[in-house]
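Heads up, the thing below is written out as structure tokens.
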Amino acid sequence: MESIKSNSNSIQDFFRKFISMQNQNQINLETLTKLSEELYQLNISKFNWVRDVFEGIHVKERGSKKALIWRDMNTGEEASLTYYEMSLFTNRVLNTFRKYGLRKGSIVYLMTKIHPAHWAVFLASIKGGFVLVPSATNLTVAELKYRFSDLKPDVVVSDSLRAQKVEEALGELKVPKFLIDGKREGWLEFEEESSNADAEDTTKDDVILNYFTSGTTGLPKRVIHTATTYPIGHISTASIIGVKESDIHLNLSATGWAKFAWSSFFSPLTVGATVVGINYEGKLDYKKYLEEIENIGVTSFCAPPTAWRQFIILDLNQFKLEKLKSVVSAGEPLNPEIIKIWEDKFGVTIRDFYGQTETTAMIGNFPFMKVKPGSMGKPHPLYKIVLLDDEGNEITKPYEVGHIAIKLQPRPIGLFLGYSDERKNKEAFVGDYYYTGDKAYFDEEGYFYFVGRADDVIKTSDYRVGPFEVESALLEHPAVAEAAVIGVPDPIRWQIVKAFIVLKPGYTPSRELAEEIREKVKTLLSSYKVPRIIEFVDELPKTISGKIRRVELRKMEEEKRKRGEKGKYEYFFT
């Protein structure tokens with residue numbers, strides 16, 4: 001018992017030190033390197049983030065501070081919970097789960113809207129040592145069935161809008177089902193159980209989180225995280241975002257995705273900040289969302305590139321956002337022109353950063369760094385990031401495109417345990433490296449630039465073209481709201497560049513406009529990067545977190561070509 005206590009004390013001391021340095025603006029690459037070295041020297045054999053950090057530090061030392069501010073844009077409902085109140089809620093959920101037979105290792109599927117209960121279930125699962133499976137709210141019945149067949153649930157938590165979908169997916173499978181809002185036949189509510197609960201004594205390698213993630217081929221695979229990988233590893237995310245104890249932090253992300261765990265849960269709650277959760281259903285009203293940010297007094301904000309593109313189309317003169325001091329973007333690299341527009345209006349620079357569901361934040365534009373528009377920043381010292389060529393050799397020269405990889409000696413604390421699919425593990429873990437599947441290059445100052453997924457990179461006439469670079473150039477034209485670029489087969493050049501473009505209101509598709517856009521791109525990029533096909537579309541296929549699904553565009557293009565079809569507003573150029 002004494003060894004567990006001393007282990008908890010040492011990790012608590014580390015977190016207190018990190019929080020203090022973050023609050024006092026003492027974080028830089030040098031101090032982060034020292035902190036990372038200290039972290040790897042700790043003997044973390046036993047760790048429960050809720051017991052040791054959330055309760056052991058924040059509930060104990062700042063229990064009366066607001067942990068969560070919640071608003072529902074559709075219903076007008078709102079609520080707020082202090083750290084102490086959230087801990088009581090968490091314990092009631094945990095005791096209810098245990099009453100229905102859940103024990104360490106039990107599988108908890110969580111598929112709800114943004115709601116206070118979502119945080120309570122998240123916390124209760126970690127505290128109880130359960131395996132939480134956050135699930136996107138837009139999953140179909142078929143997608144849920146696949147997940148349930150791959151990893152059988154012991155309990156499902158959902159809301160009234162998704163309850164029927166869950167019922168259909170479960171079929172004859174009988175498990176306890178909990179509804180967070182309202183009543184429904186066959187569904188349970190969280191009962192007024194005791195607000196005291198002991199934490200499960202989890203070890204560093206005990207599995208506590210599974211995310212299903214889609215690759216370029218095959219069905220979704222599970223990404224497996226432990227009691228330490230996300231809970232401790234997100235120190236990197238907190239330091240890149242720069243969130244502090246004094247912040248009111250908002251992350252525009254749907255539940256069920258790793259990004260929600262990154263920025264709506266672990267990062268702000270690690271440092272004792274106040275988290276904001278704004279629920280919306282259906283298409284997001286971007287103007288109303290910014291109004292909520294202003295009304296609540298958000299000081300730190302994270303959003304995906306898709307949202308930033310929509311924000312800058314608005315009349316930004318309607319907003320002051322005087323309390324907003326820190327803004328970041330993640331999901332895909334942000335276009336430099338968007339950064340400029342936001343900075344010119346509000347005096348705050350949007351900082352880009354990079355990571356994966358499999359990791360925590362790995363590369364970023366830290367608050368203390370000069371931002372280079374178009375760059376995703378520099379590697380976090382918690383990870384040893386390298387670029388590898390196609391033969392697996394480390395690249396040392398600036399501007400050479402390579403595979404983003406992580407050295408496994410020592411194994412980064414934020415790196416996942418592995419995939420559920422051993423074949424996928426063999427592809428990703430090669431020798432002493434973990435391959436992210438992404439490509440990038442760095443400049444002479446060590447800033448990294450995202451090129452694209454390894455399978456998104458376009459090869460045309462022996463040149464390699466990153467889609468992001470072309471998309472950024474397309475967005476320089478005033479008519480372009482959104483753009484996605486892929487490579488399509490060509491008998492001479494192997495592939496040629498095709499652009500799918502969503503126009504801003506007031507512009508009409510035409511060959512003349514397509515030519516005008518191409519001329520603009522010609523002024524920014526080499527000729528081989530200029531799209532030879534432009535198709536105007538109403539919208540682009542995306543994930544719920546706002547990432548453009550280029551794989552879907554390639555599939556649509558392939559099927560269309562097989563049928564010999566041409567888009568209504570598709571224009572070809574020689």
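Scheme for the structure tokens: letters A, B, ... for chains in order shown; per-chain residue numbers from 1; ligand numbers from 1 in order shown.
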> Any idea what's packed within 9 Å of Lys165 (chain A), counting only C-alpha atoms, ignoring anything in its chain fewer than 5 positions away? Could you give it as a list in words?
Replying inline: Leu139, Thr140, Val141, Leu144 and Leu170 of chain A
Selection to disk with N, CA and C atoms, as a PDB file, in the first residue's frame:
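Wrote selection_22.pdb, looks like this:
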```
ATOM      1  N   LEU A 139     -22.879   7.646 -36.293  1.00  0.00           N
ATOM      2  CA  LEU A 139     -22.707   6.272 -36.765  1.00  0.00           C
ATOM      3  C   LEU A 139     -24.042   5.687 -37.217  1.00  0.00           C
ATOM      4  N   THR A 140     -24.005   4.887 -38.255  1.00  0.00           N
ATOM      5  CA  THR A 140     -25.207   4.196 -38.713  1.00  0.00           C
ATOM      6  C   THR A 140     -25.406   2.921 -37.901  1.00  0.00           C
ATOM      7  N   VAL A 141     -26.566   2.311 -38.059  1.00  0.00           N
ATOM      8  CA  VAL A 141     -26.844   1.046 -37.379  1.00  0.00           C
ATOM      9  C   VAL A 141     -25.823  -0.014 -37.795  1.00  0.00           C
ATOM     10  N   LEU A 144     -22.525   0.596 -36.094  1.00  0.00           N
ATOM     11  CA  LEU A 144     -22.600   0.205 -34.687  1.00  0.00           C
ATOM     12  C   LEU A 144     -22.566  -1.321 -34.541  1.00  0.00           C
ATOM     13  N   LEU A 170     -28.023  -3.324 -31.336  1.00  0.00           N
ATOM     14  CA  LEU A 170     -27.862  -4.372 -30.332  1.00  0.00           C
ATOM     15  C   LEU A 170     -28.644  -5.624 -30.706  1.00  0.00           C
TER      16      LEU A 170
END
```
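For the choices A:Lys424, A:Lys323, A:Lys397, A:Arg518, the atom-to-atom distance to Glu294 (chain A) is smallest for A:Lys323 when using only C-alpha atoms.
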> Excluding same-chain residues fewer than 3 positions from Gly256 (chain A), what lies within 12 Å of it counting only C-alpha atoms, as an MDAnalysis selection string?
Replying inline: chainID A and resid 109:114 118:119 122 132:139 157:158 209:213 253 259:262 264:265 357 543:545
>> Please list as a ChimeraX atom specification every residue within 10 Å of Arg71 (chain A), counting only C-alpha atoms and excluding residues in the same chain fewer than 5 positions away.
In response: /A:76-80,114-116,276-280,292,296
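Pairwise distance (CA of Glu558 (chain A), CA of Glu476 (chain A)) equals 28.3 Å.
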